[in-house]
file my_file.txt (compact mmCIF, C-alpha atoms)
# COMPACT_ATOMS: atom_id res chain seq x y z
CA MET U 105 -0.76 -45.52 -26.59
CA ASP U 106 2.00 -47.45 -24.87
CA GLY U 107 3.94 -44.21 -25.06
CA VAL U 108 1.54 -42.80 -22.48
CA TRP U 109 0.54 -45.80 -20.37
CA ILE U 110 3.99 -47.09 -19.54
CA PRO U 111 5.28 -43.77 -18.19
CA LEU U 112 1.92 -43.18 -16.48
CA ALA U 113 2.06 -46.52 -14.67
CA LEU U 114 5.66 -45.89 -13.65
CA THR U 115 4.83 -42.38 -12.47
CA LEU U 116 1.93 -43.61 -10.34
CA LYS U 117 4.14 -46.34 -8.85
CA VAL U 118 6.88 -43.83 -8.02
CA ALA U 119 4.46 -41.20 -6.62
CA LEU U 120 2.58 -43.74 -4.49
CA TRP U 121 5.80 -45.13 -3.05
CA ALA U 122 7.13 -41.64 -2.35
CA THR U 123 3.86 -40.65 -0.66
CA ALA U 124 3.79 -43.81 1.45
CA ILE U 125 7.38 -43.31 2.60
CA ASN U 126 6.66 -39.69 3.41
CA LEU U 127 3.57 -40.62 5.37
CA VAL U 128 5.73 -42.66 7.73
CA LEU U 129 8.85 -40.48 7.70
CA GLY U 130 7.14 -37.08 7.53
CA VAL U 131 4.60 -37.91 10.22
CA ALA U 132 7.27 -39.32 12.56
CA VAL U 133 9.52 -36.27 12.14
CA ALA U 134 6.57 -33.88 12.44
CA PHE U 135 5.37 -35.50 15.66
CA GLY U 136 8.89 -35.31 17.09
CA LEU U 137 9.24 -31.66 16.13
CA ALA U 138 5.79 -30.79 17.48
CA ARG U 139 6.68 -32.27 20.88
CA TRP U 140 10.37 -31.39 21.09
CA ARG U 141 11.02 -28.35 23.27
CA SER U 142 14.37 -27.02 22.16
CA PRO U 143 15.67 -23.86 20.49
CA ALA U 144 17.26 -26.12 17.86
CA ARG U 145 13.79 -27.11 16.72
CA GLU U 146 13.33 -24.27 14.23
CA VAL U 147 16.83 -24.80 12.82
CA VAL U 148 16.02 -28.44 12.12
CA ASP U 149 12.68 -27.39 10.66
CA SER U 150 14.41 -24.93 8.30
CA VAL U 151 16.90 -27.55 7.11
CA LEU U 152 14.04 -29.99 6.48
CA THR U 153 12.25 -27.31 4.45
CA LEU U 154 15.21 -26.86 2.08
CA PRO U 155 13.84 -29.30 -0.55
CA LEU U 156 10.97 -26.86 -1.00
CA VAL U 157 13.22 -23.99 -2.04
CA LEU U 158 16.33 -25.59 -3.55
CA PRO U 159 16.25 -26.21 -7.31
CA PRO U 160 15.41 -29.88 -7.91
CA THR U 161 18.60 -30.26 -9.97
CA VAL U 162 20.60 -29.24 -6.91
CA LEU U 163 18.77 -31.86 -4.85
CA GLY U 164 19.44 -34.38 -7.59
CA TYR U 165 23.10 -33.50 -7.53
CA TYR U 166 23.25 -34.02 -3.76
CA LEU U 167 21.56 -37.39 -4.22
CA LEU U 168 24.12 -38.38 -6.84
CA VAL U 169 26.95 -37.35 -4.53
CA LEU U 170 25.43 -39.36 -1.68
CA LEU U 171 24.00 -42.36 -3.49
CA GLY U 172 26.17 -42.64 -6.61
CA ARG U 173 28.49 -45.62 -6.84
CA ARG U 174 31.37 -43.56 -5.48
CA GLY U 175 29.10 -41.65 -3.11
CA VAL U 176 29.20 -41.74 0.67
CA PHE U 177 26.26 -44.13 1.05
CA GLY U 178 26.40 -45.33 -2.55
CA ALA U 179 29.69 -47.19 -2.09
CA TRP U 180 28.28 -48.90 0.97
CA LEU U 181 24.99 -49.76 -0.81
CA ASP U 182 26.99 -51.01 -3.80
CA ARG U 183 28.69 -53.57 -1.59
CA LEU U 184 25.25 -54.77 -0.50
CA GLY U 185 24.31 -55.10 -4.15
CA ILE U 186 21.83 -52.20 -4.04
CA GLU U 187 21.93 -49.76 -6.91
CA LEU U 188 19.79 -46.62 -6.92
CA VAL U 189 21.21 -44.53 -9.75
CA PHE U 190 19.29 -45.05 -13.03
CA THR U 191 16.61 -47.18 -11.33
CA TRP U 192 12.96 -46.47 -10.55
CA GLN U 193 13.83 -46.78 -6.85
CA GLY U 194 16.16 -43.82 -7.39
CA ALA U 195 13.20 -41.90 -8.79
CA VAL U 196 11.24 -42.79 -5.63
CA ILE U 197 14.02 -41.33 -3.49
CA ALA U 198 14.08 -38.14 -5.58
CA SER U 199 10.31 -37.72 -5.31
CA THR U 200 10.34 -38.54 -1.60
CA LEU U 201 12.96 -35.91 -0.89
CA VAL U 202 11.27 -33.20 -2.94
CA ALA U 203 7.81 -33.83 -1.46
CA PHE U 204 8.93 -34.45 2.14
CA PRO U 205 8.42 -30.89 3.46
CA LEU U 206 4.83 -30.86 2.22
CA VAL U 207 3.90 -33.80 4.46
CA GLN U 208 6.13 -32.78 7.35
CA LYS U 209 4.83 -29.19 7.54
CA ALA U 210 1.18 -30.17 7.25
CA ALA U 211 1.59 -32.93 9.85
CA ARG U 212 3.44 -30.71 12.29
CA ALA U 213 0.73 -28.04 12.11
CA ALA U 214 -1.91 -30.73 12.57
CA PHE U 215 -0.17 -32.22 15.64
CA GLU U 216 0.31 -28.79 17.17
CA ALA U 217 -3.40 -28.12 16.77
CA VAL U 218 -4.31 -31.18 18.87
CA ASP U 219 -5.47 -30.08 22.33
CA PRO U 220 -2.79 -31.39 24.74
CA GLN U 221 -5.51 -31.90 27.33
CA LEU U 222 -6.98 -34.68 25.18
CA GLU U 223 -3.64 -36.47 25.28
CA ASP U 224 -3.48 -35.95 29.05
CA ALA U 225 -7.00 -37.35 29.34
CA ALA U 226 -5.87 -40.50 27.52
CA ARG U 227 -2.85 -40.82 29.85
CA VAL U 228 -4.90 -40.62 33.04
CA LEU U 229 -7.27 -43.19 31.52
CA GLY U 230 -4.36 -45.62 31.57
CA LEU U 231 -2.85 -45.38 28.08
CA ARG U 232 0.88 -45.53 27.41
CA GLU U 233 2.48 -43.01 25.07
CA VAL U 234 2.34 -45.19 21.93
CA ALA U 235 -1.37 -45.83 22.47
CA VAL U 236 -1.98 -42.11 23.11
CA PHE U 237 -0.35 -41.41 19.73
CA PHE U 238 -2.36 -43.95 17.76
CA ARG U 239 -5.69 -43.44 19.51
CA VAL U 240 -5.76 -39.68 20.08
CA SER U 241 -3.01 -37.62 18.44
CA LEU U 242 -2.91 -39.36 15.06
CA PRO U 243 -6.68 -39.58 14.44
CA LEU U 244 -7.13 -35.94 15.40
CA ALA U 245 -4.30 -34.89 13.08
CA ALA U 246 -5.38 -37.23 10.27
CA ARG U 247 -7.19 -34.63 8.18
CA GLY U 248 -4.21 -32.29 8.06
CA ILE U 249 -1.81 -35.16 7.37
CA THR U 250 -3.99 -36.46 4.53
CA ALA U 251 -4.13 -32.98 2.99
CA GLY U 252 -0.32 -32.82 3.14
CA ALA U 253 -0.01 -36.30 1.63
CA LEU U 254 -2.23 -35.33 -1.30
CA LEU U 255 -0.06 -32.28 -1.99
CA ALA U 256 3.01 -34.50 -1.75
CA PHE U 257 1.46 -36.97 -4.18
CA ALA U 258 0.74 -34.19 -6.67
CA ARG U 259 4.26 -32.86 -6.26
CA ALA U 260 5.75 -36.35 -6.75
CA LEU U 261 3.69 -36.83 -9.93
CA GLY U 262 5.30 -33.79 -11.47
CA GLU U 263 8.85 -34.36 -10.23
CA PHE U 264 11.34 -33.68 -13.03
CA GLY U 265 14.71 -32.22 -12.10
CA ALA U 266 15.90 -34.44 -9.28
CA THR U 267 14.42 -37.52 -10.97
CA LEU U 268 16.26 -36.81 -14.20
CA MET U 269 19.53 -36.33 -12.31
CA ILE U 270 19.45 -39.59 -10.37
CA ALA U 271 17.16 -41.88 -12.36
CA GLY U 272 17.81 -40.60 -15.82
CA ASN U 273 15.55 -40.96 -18.86
CA LEU U 274 15.36 -44.66 -19.67
CA PRO U 275 12.05 -45.35 -21.48
CA GLY U 276 10.11 -48.11 -19.74
CA ARG U 277 12.48 -48.16 -16.76
CA THR U 278 12.91 -44.71 -15.29
CA GLN U 279 11.10 -42.45 -17.71
CA THR U 280 8.29 -40.88 -15.67
CA LEU U 281 5.54 -38.77 -17.22
CA SER U 282 7.17 -35.39 -16.79
CA VAL U 283 10.44 -36.71 -18.22
CA ALA U 284 8.52 -38.45 -21.04
CA ILE U 285 6.73 -35.18 -21.85
CA TYR U 286 10.07 -33.47 -22.26
CA ALA U 287 11.33 -36.32 -24.43
CA ALA U 288 8.16 -36.30 -26.57
CA VAL U 289 8.36 -32.55 -27.15
CA GLN U 290 12.04 -32.88 -28.07
CA ALA U 291 11.11 -35.62 -30.55
CA GLY U 292 8.31 -33.49 -32.02
CA ASP U 293 5.59 -35.93 -30.91
CA ASP U 294 3.04 -33.28 -29.91
CA ARG U 295 0.08 -35.70 -29.73
CA THR U 296 1.70 -37.91 -27.07
CA ALA U 297 3.03 -34.89 -25.19
CA GLY U 298 -0.40 -33.25 -25.17
CA LEU U 299 -2.10 -36.39 -23.88
CA MET U 300 0.41 -36.77 -21.06
CA VAL U 301 0.13 -33.09 -20.15
CA ALA U 302 -3.63 -33.51 -19.87
CA VAL U 303 -3.29 -36.60 -17.65
CA VAL U 304 -0.85 -34.88 -15.27
CA SER U 305 -2.92 -31.69 -15.15
CA VAL U 306 -6.18 -33.42 -14.33
CA THR U 307 -4.60 -35.63 -11.67
CA CYS U 308 -2.93 -32.65 -9.99
CA VAL U 309 -6.13 -30.57 -10.01
CA VAL U 310 -8.07 -33.44 -8.42
CA ALA U 311 -5.37 -33.93 -5.75
CA LEU U 312 -5.36 -30.20 -4.96
CA LEU U 313 -9.15 -30.05 -4.72
CA LEU U 314 -9.14 -32.98 -2.32
CA ALA U 315 -6.33 -31.44 -0.27
CA GLY U 316 -8.18 -28.13 -0.07
CA TRP U 317 -11.34 -29.87 1.01
CA LEU U 318 -9.49 -31.77 3.75
CA ALA U 319 -7.34 -28.87 4.93
CA PRO U 320 -7.97 -27.93 8.56
CA GLY U 321 -10.15 -24.87 9.03
CA ARG U 322 -12.21 -25.43 5.90
CA VAL U 323 -14.47 -28.10 7.32
CA ARG U 324 -14.29 -27.96 11.10
CA ARG U 325 -16.96 -30.57 11.49
CA VAL U 326 -15.78 -33.80 13.04
CA ARG U 327 -17.51 -36.64 11.28
CA PRO U 328 -21.30 -36.47 11.68
CA MET J 20 -9.68 -43.58 52.09
CA SER J 21 -7.02 -40.95 52.48
CA VAL J 22 -5.08 -38.39 50.56
CA ASP J 23 -1.70 -37.11 51.65
CA VAL J 24 -0.11 -34.46 49.48
CA ALA J 25 3.02 -32.35 49.97
CA ILE J 26 4.47 -30.95 46.77
CA ARG J 27 6.75 -28.16 45.65
CA LYS J 28 7.26 -27.01 42.11
CA ASP J 29 8.94 -23.92 40.70
CA LEU J 30 7.54 -22.75 37.39
CA ARG J 31 9.15 -20.15 35.21
CA ALA J 32 7.68 -18.57 32.11
CA ASP J 33 9.63 -15.67 30.58
CA ASP J 34 10.44 -13.46 33.58
CA ARG J 35 7.56 -14.61 35.74
CA HIS J 36 8.06 -17.07 38.53
CA PHE J 37 5.45 -19.10 40.36
CA ARG J 38 6.12 -21.37 43.29
CA LEU J 39 3.64 -24.07 44.12
CA ASP J 40 4.16 -25.24 47.69
CA VAL J 41 1.09 -27.11 48.83
CA ALA J 42 0.63 -29.61 51.62
CA PHE J 43 -2.56 -31.16 52.94
CA ALA J 44 -3.89 -34.46 54.16
CA SER J 45 -7.47 -35.57 54.53
CA GLU J 46 -9.60 -38.63 55.10
CA HIS J 47 -12.82 -36.83 54.29
CA ARG J 48 -14.90 -38.33 51.48
CA ARG J 49 -15.08 -34.92 49.84
CA ILE J 50 -12.12 -32.62 49.67
CA VAL J 51 -12.64 -29.17 48.16
CA LEU J 52 -9.65 -27.14 47.02
CA PHE J 53 -10.99 -23.62 46.94
CA GLY J 54 -9.32 -20.46 45.70
CA PRO J 55 -9.13 -17.85 42.95
CA SER J 56 -7.78 -18.69 39.53
CA GLY J 57 -3.99 -18.71 39.51
CA ALA J 58 -3.82 -20.04 43.08
CA GLY J 59 -2.31 -23.34 41.92
CA LYS J 60 -5.38 -25.56 42.21
CA SER J 61 -5.10 -27.11 38.76
CA LEU J 62 -1.33 -27.54 39.13
CA THR J 63 -1.91 -29.44 42.36
CA LEU J 64 -4.42 -31.68 40.62
CA ARG J 65 -2.09 -32.26 37.66
CA ALA J 66 0.74 -33.18 40.03
CA MET J 67 -1.50 -35.68 41.82
CA ALA J 68 -2.56 -37.26 38.51
CA GLY J 69 1.01 -37.54 37.26
CA LEU J 70 0.68 -34.93 34.52
CA LEU J 71 3.19 -32.65 36.21
CA SER J 72 6.34 -33.75 38.03
CA PRO J 73 6.98 -31.79 41.24
CA ASP J 74 10.51 -30.79 42.29
CA ALA J 75 10.04 -32.19 45.77
CA GLY J 76 7.54 -33.83 48.06
CA HIS J 77 5.16 -36.77 47.93
CA VAL J 78 1.67 -37.82 46.86
CA ARG J 79 0.01 -40.72 48.67
CA VAL J 80 -3.47 -42.07 48.08
CA ASP J 81 -4.88 -44.73 50.40
CA GLY J 82 -1.38 -45.36 51.69
CA ARG J 83 -0.07 -46.05 48.17
CA THR J 84 2.83 -43.82 47.18
CA LEU J 85 2.26 -42.35 43.72
CA PHE J 86 5.09 -39.89 43.93
CA ASP J 87 8.00 -39.46 46.32
CA ARG J 88 10.96 -37.43 45.15
CA ASP J 89 13.25 -38.63 47.97
CA ALA J 90 12.41 -42.29 47.41
CA GLY J 91 12.64 -41.88 43.64
CA VAL J 92 9.02 -42.90 43.06
CA ASP J 93 7.18 -41.18 40.20
CA LEU J 94 4.46 -43.37 38.71
CA ARG J 95 3.27 -42.56 35.19
CA ALA J 96 -0.16 -40.99 34.88
CA SER J 97 -1.31 -44.24 33.28
CA GLU J 98 -0.28 -46.26 36.34
CA ARG J 99 -1.76 -44.10 39.09
CA GLY J 100 -5.33 -45.37 38.99
CA VAL J 101 -6.58 -41.90 39.83
CA ALA J 102 -9.56 -40.63 37.83
CA TYR J 103 -9.52 -37.12 36.45
CA VAL J 104 -12.43 -35.06 35.16
CA PHE J 105 -11.13 -32.10 33.18
CA GLN J 106 -12.64 -28.63 33.37
CA ASP J 107 -14.05 -28.65 29.86
CA TYR J 108 -14.32 -32.44 30.04
CA ALA J 109 -11.71 -33.19 27.34
CA LEU J 110 -14.00 -35.63 25.55
CA PHE J 111 -12.43 -37.18 22.47
CA PRO J 112 -14.14 -35.41 19.55
CA HIS J 113 -13.42 -38.24 17.10
CA LEU J 114 -15.12 -40.89 19.25
CA THR J 115 -18.77 -41.48 20.07
CA VAL J 116 -20.21 -41.14 23.56
CA ALA J 117 -20.03 -44.93 24.03
CA GLN J 118 -16.43 -45.04 22.75
CA ASN J 119 -15.48 -42.18 25.06
CA ILE J 120 -16.96 -43.93 28.08
CA GLY J 121 -15.21 -47.21 27.29
CA PHE J 122 -11.92 -45.55 26.28
CA GLY J 123 -9.89 -46.68 29.30
CA LEU J 124 -11.14 -50.28 29.27
CA HIS J 125 -8.85 -51.18 26.38
CA ARG J 126 -5.21 -50.26 26.71
CA GLY J 127 -4.25 -51.36 23.20
CA TRP J 128 -2.90 -49.24 20.36
CA PHE J 129 -6.14 -48.83 18.45
CA ASN J 130 -9.61 -47.61 19.30
CA PRO J 131 -12.24 -50.35 19.39
CA ARG J 132 -14.82 -50.02 16.62
CA ARG J 133 -18.05 -48.16 17.08
CA GLY J 134 -20.75 -50.44 18.33
CA THR J 135 -18.54 -52.82 20.31
CA HIS J 136 -20.27 -52.40 23.63
CA ASP J 137 -18.82 -53.69 26.85
CA ALA J 138 -21.35 -54.49 29.58
CA ARG J 139 -19.67 -51.90 31.80
CA VAL J 140 -20.15 -49.24 29.11
CA ARG J 141 -23.82 -50.15 28.87
CA HIS J 142 -24.13 -49.93 32.66
CA TRP J 143 -22.79 -46.37 32.74
CA ILE J 144 -24.83 -45.32 29.72
CA ASP J 145 -27.94 -46.46 31.60
CA THR J 146 -26.85 -44.95 34.90
CA PHE J 147 -26.46 -41.52 33.33
CA GLU J 148 -29.41 -41.87 30.94
CA LEU J 149 -27.21 -41.49 27.88
CA ALA J 150 -28.77 -44.27 25.80
CA GLY J 151 -30.28 -41.75 23.35
CA VAL J 152 -26.90 -40.23 22.53
CA ALA J 153 -24.61 -43.28 22.89
CA GLY J 154 -23.78 -43.20 19.18
CA SER J 155 -23.42 -39.39 18.97
CA TYR J 156 -20.22 -37.41 18.89
CA PRO J 157 -19.49 -35.04 21.81
CA SER J 158 -20.04 -31.93 19.68
CA ARG J 159 -23.68 -32.98 19.23
CA ILE J 160 -24.68 -33.38 22.90
CA SER J 161 -25.62 -30.89 25.65
CA GLY J 162 -23.34 -29.53 28.37
CA GLY J 163 -24.95 -31.65 31.07
CA GLN J 164 -24.61 -34.76 28.93
CA ARG J 165 -20.96 -33.96 28.30
CA GLN J 166 -20.30 -33.81 31.99
CA ARG J 167 -22.04 -37.13 32.51
CA VAL J 168 -19.95 -38.70 29.75
CA ALA J 169 -16.77 -37.32 31.37
CA LEU J 170 -17.84 -38.72 34.76
CA ALA J 171 -18.76 -42.10 33.28
CA ARG J 172 -15.44 -42.29 31.42
CA ALA J 173 -13.57 -41.53 34.66
CA LEU J 174 -15.61 -43.88 36.87
CA ILE J 175 -15.69 -46.94 34.61
CA ALA J 176 -12.26 -48.06 35.83
CA GLU J 177 -13.64 -48.09 39.41
CA PRO J 178 -11.13 -45.63 40.86
CA ARG J 179 -10.99 -44.92 44.59
CA LEU J 180 -10.19 -41.24 44.10
CA VAL J 181 -11.72 -38.91 41.52
CA LEU J 182 -10.14 -35.52 40.82
CA LEU J 183 -12.55 -32.96 39.40
CA ASP J 184 -11.28 -29.70 37.92
CA GLU J 185 -14.00 -27.01 38.18
CA PRO J 186 -16.66 -29.57 37.24
CA PHE J 187 -19.54 -27.08 37.17
CA ALA J 188 -17.87 -23.99 35.70
CA ALA J 189 -18.71 -24.89 32.10
CA LEU J 190 -22.42 -25.30 32.86
CA ASP J 191 -25.15 -22.65 32.88
CA PRO J 192 -26.37 -21.71 36.38
CA ALA J 193 -29.65 -23.63 36.17
CA LEU J 194 -27.89 -26.84 35.23
CA ARG J 195 -25.15 -26.29 37.80
CA GLY J 196 -27.43 -26.96 40.78
CA ARG J 197 -28.77 -30.13 39.22
CA MET J 198 -25.35 -31.51 38.38
CA ARG J 199 -24.08 -30.80 41.93
CA ALA J 200 -26.98 -32.82 43.32
CA GLU J 201 -26.31 -35.54 40.77
CA LEU J 202 -22.64 -35.77 41.77
CA LEU J 203 -23.54 -36.01 45.47
CA ALA J 204 -26.16 -38.66 44.77
CA LEU J 205 -23.63 -40.61 42.76
CA GLN J 206 -21.07 -40.50 45.54
CA ALA J 207 -23.68 -41.70 48.02
CA ARG J 208 -23.96 -44.91 45.97
CA LEU J 209 -20.27 -45.48 45.26
CA ASP J 210 -17.27 -46.02 47.45
CA ILE J 211 -15.22 -43.14 46.08
CA GLN J 212 -13.40 -40.15 47.43
CA LEU J 213 -13.84 -36.87 45.55
CA LEU J 214 -11.33 -34.07 45.31
CA VAL J 215 -12.98 -31.08 43.70
CA ILE J 216 -11.32 -27.81 42.83
CA THR J 217 -13.42 -24.70 42.47
CA HIS J 218 -13.36 -20.91 42.64
CA ASP J 219 -17.12 -20.78 43.30
CA PRO J 220 -18.23 -20.40 46.96
CA ALA J 221 -21.58 -21.96 45.98
CA ASP J 222 -19.73 -25.19 45.13
CA VAL J 223 -18.04 -25.11 48.54
CA ASP J 224 -21.42 -24.81 50.27
CA ALA J 225 -23.10 -27.47 48.16
CA LEU J 226 -20.30 -30.03 48.43
CA ASP J 227 -19.98 -29.56 52.20
CA GLY J 228 -16.63 -31.32 52.47
CA HIS J 229 -13.19 -30.71 53.90
CA THR J 230 -12.41 -27.33 52.36
CA ILE J 231 -8.80 -26.34 51.84
CA GLU J 232 -8.19 -22.80 50.67
CA LEU J 233 -5.34 -22.11 48.26
CA ARG J 234 -3.81 -18.71 47.62
CA ASP J 235 -0.71 -17.81 45.60
CA GLY J 236 0.48 -21.39 45.43
CA ARG J 237 0.10 -22.28 49.10
CA VAL J 238 -2.54 -23.38 51.59
CA ALA J 239 -4.03 -20.22 53.11

call {"tool": "encode", "arguments": {"input": "my_file.txt", "output": "structure tokens"}}
result
Amino acid sequence: MDGVWIPLALTLKVALWATAINLVLGVAVAFGLARWRSPAREVVDSVLTLPLVLPPTVLGYYLLVLLGRRGVFGAWLDRLGIELVFTWQGAVIASTLVAFPLVQKAARAAFEAVDPQLEDAARVLGLREVAVFFRVSLPLAARGITAGALLAFARALGEFGATLMIAGNLPGRTQTLSVAIYAAVQAGDDRTAGLMVAVVSVTCVVALLLAGWLAPGRVRRVRP
Amino acid sequence: MSVDVAIRKDLRADDRHFRLDVAFASEHRRIVLFGPSGAGKSLTLRAMAGLLSPDAGHVRVDGRTLFDRDAGVDLRASERGVAYVFQDYALFPHLTVAQNIGFGLHRGWFNPRRGTHDARVRHWIDTFELAGVAGSYPSRISGGQRQRVALARALIAEPRLVLLDEPFAALDPALRGRMRAELLALQARLDIQLLVITHDPADVDALDGHTIELRDGRVA
């Protein structure tokens, strides 16, 4: 059973970290894009959507080029004693990158749906911009952001290509479920593979159901 | 109490151009900005509240300069101490009636929990007979109650000047008369100046204040 639980625990750790990072990063970028009035906005948005369409192996290759020991940032991180290649933290970065657009797009749509008059109302009631964000914009966008985060979590759970490129396939250290499934099938261990496939499938279906239930438009009711 | 406004703002959207060039001063307790939609009434109100930055001019309330382009003064909306009642009330849908009313009392980053009632909140809930709906969300209360919540939320900070954007337009005609009387009765008890914008001649008659007519972005 360890063959399932160890990769499962690692996968959950990686997916949770990636989702948490995206909640901060994706929401911040989305809020900026939703408020930024510039023609460059859609260009930036397109670039940020690239992880959704590029093959994960291509993303993984970019990460290696950037973060590898001889990479642009990698050499600098190496001097600080930080190593990302072939570590679970590297897997977090891969999952974060791949799932980023899912949070960013959902959050941007949610922020754009917030009535600007409500934010104005908070301003004339004496609130500074940071307080307006935390007390009006963010709570009103929370449903959409949560739906995006659930999708991102599901996506991170299944991350394979970019993870394999940067974190590799080290059992117990960087071998996540989807990589372990591949390894189990290669080794002819159908029982373990089947069990892991079931775990991933069920988790993803639950995340998608929750995301669908939270998605804006489905349930317009604001807490009873 | 006095209001002294002289503002100019050029607005462009696509190929359309609108120039707001409004100046008026009044010491009347009730000022009514009257005119058709598109005359620049709401823009004037937004400029006074600090939600729109004019290209030139000044805004003074009770001798305090809120905006003066030449002197480089442009206070944030949050620093102006001017109350604003929005046309469709702009109540926060994620907060209860009591939380909406008390919203401006705390300037911190997070909304106080439901059920933390300030004495001032309780006072306004009683004044407007909202006790029965204090824990309800705005989507669950009537139009008249919504307006009372919006008024209470604006008045709780004890402003000297209250700006009201078409305060009766969202109400059905029967309720409109009652809410006009309620607003006048309220003003009789409080030391506040009202600046009401409306397109409805019936409001002008009922409010019986210093009426300033706006047309195409200027005082007619």

call {"tool": "closest_residue", "arguments": {"input": "my_file.txt", "among": "J:Val116, J:Leu94, J:Leu202, J:Ala176", "to": "J:Arg159", "atoms": "all atoms listed in the file"}}
result
J:Val116

call {"tool": "interface_residues", "arguments": {"input": "my_file.txt", "of": "chain J", "to": "chain U", "cutoff": "8 Å", "atoms": "all atoms listed in the file", "output": "PyMOL selection string"}}
result
chain J and resi 68-70+96-103+105+109-113+122-123+126-130+156+173

call {"tool": "write_last_selection", "arguments": {"input": "my_file.txt", "atoms": "C-alpha atoms", "output": "mmCIF file, keeping the file's coordinate frame"}}
result
data_model
loop_
_atom_site.group_PDB
_atom_site.id
_atom_site.type_symbol
_atom_site.label_atom_id
_atom_site.label_comp_id
_atom_site.auth_asym_id
_atom_site.auth_seq_id
_atom_site.Cartn_x
_atom_site.Cartn_y
_atom_site.Cartn_z
ATOM 1 C CA ALA J 68 -2.560 -37.260 38.510
ATOM 2 C CA GLY J 69 1.010 -37.540 37.260
ATOM 3 C CA LEU J 70 0.680 -34.930 34.520
ATOM 4 C CA ALA J 96 -0.160 -40.990 34.880
ATOM 5 C CA SER J 97 -1.310 -44.240 33.280
ATOM 6 C CA GLU J 98 -0.280 -46.260 36.340
ATOM 7 C CA ARG J 99 -1.760 -44.100 39.090
ATOM 8 C CA GLY J 100 -5.330 -45.370 38.990
ATOM 9 C CA VAL J 101 -6.580 -41.900 39.830
ATOM 10 C CA ALA J 102 -9.560 -40.630 37.830
ATOM 11 C CA TYR J 103 -9.520 -37.120 36.450
ATOM 12 C CA PHE J 105 -11.130 -32.100 33.180
ATOM 13 C CA ALA J 109 -11.710 -33.190 27.340
ATOM 14 C CA LEU J 110 -14.000 -35.630 25.550
ATOM 15 C CA PHE J 111 -12.430 -37.180 22.470
ATOM 16 C CA PRO J 112 -14.140 -35.410 19.550
ATOM 17 C CA HIS J 113 -13.420 -38.240 17.100
ATOM 18 C CA PHE J 122 -11.920 -45.550 26.280
ATOM 19 C CA GLY J 123 -9.890 -46.680 29.300
ATOM 20 C CA ARG J 126 -5.210 -50.260 26.710
ATOM 21 C CA GLY J 127 -4.250 -51.360 23.200
ATOM 22 C CA TRP J 128 -2.900 -49.240 20.360
ATOM 23 C CA PHE J 129 -6.140 -48.830 18.450
ATOM 24 C CA ASN J 130 -9.610 -47.610 19.300
ATOM 25 C CA TYR J 156 -20.220 -37.410 18.890
ATOM 26 C CA ALA J 173 -13.570 -41.530 34.660
#

call {"tool": "atom_distance", "arguments": {"input": "my_file.txt", "atom1": "atom CA of U:Leu313", "atom2": "atom CA of U:Glu216"}}
result
23.9 Å

call {"tool": "closest_residue", "arguments": {"input": "my_file.txt", "among": "U:Thr161, U:Tyr166, U:Ala213, U:Ala253", "to": "U:Leu120", "atoms": "only C-alpha atoms"}}
result
U:Ala253

call {"tool": "closest_residue", "arguments": {"input": "my_file.txt", "among": "J:Leu114, J:Ala32, J:Glu232, J:Gln106", "to": "J:Phe187", "atoms": "all atoms listed in the file"}}
result
J:Gln106

call {"tool": "atom_distance", "arguments": {"input": "my_file.txt", "atom1": "atom CA of J:Leu182", "atom2": "atom CA of J:Leu203"}}
result
14.2 Å
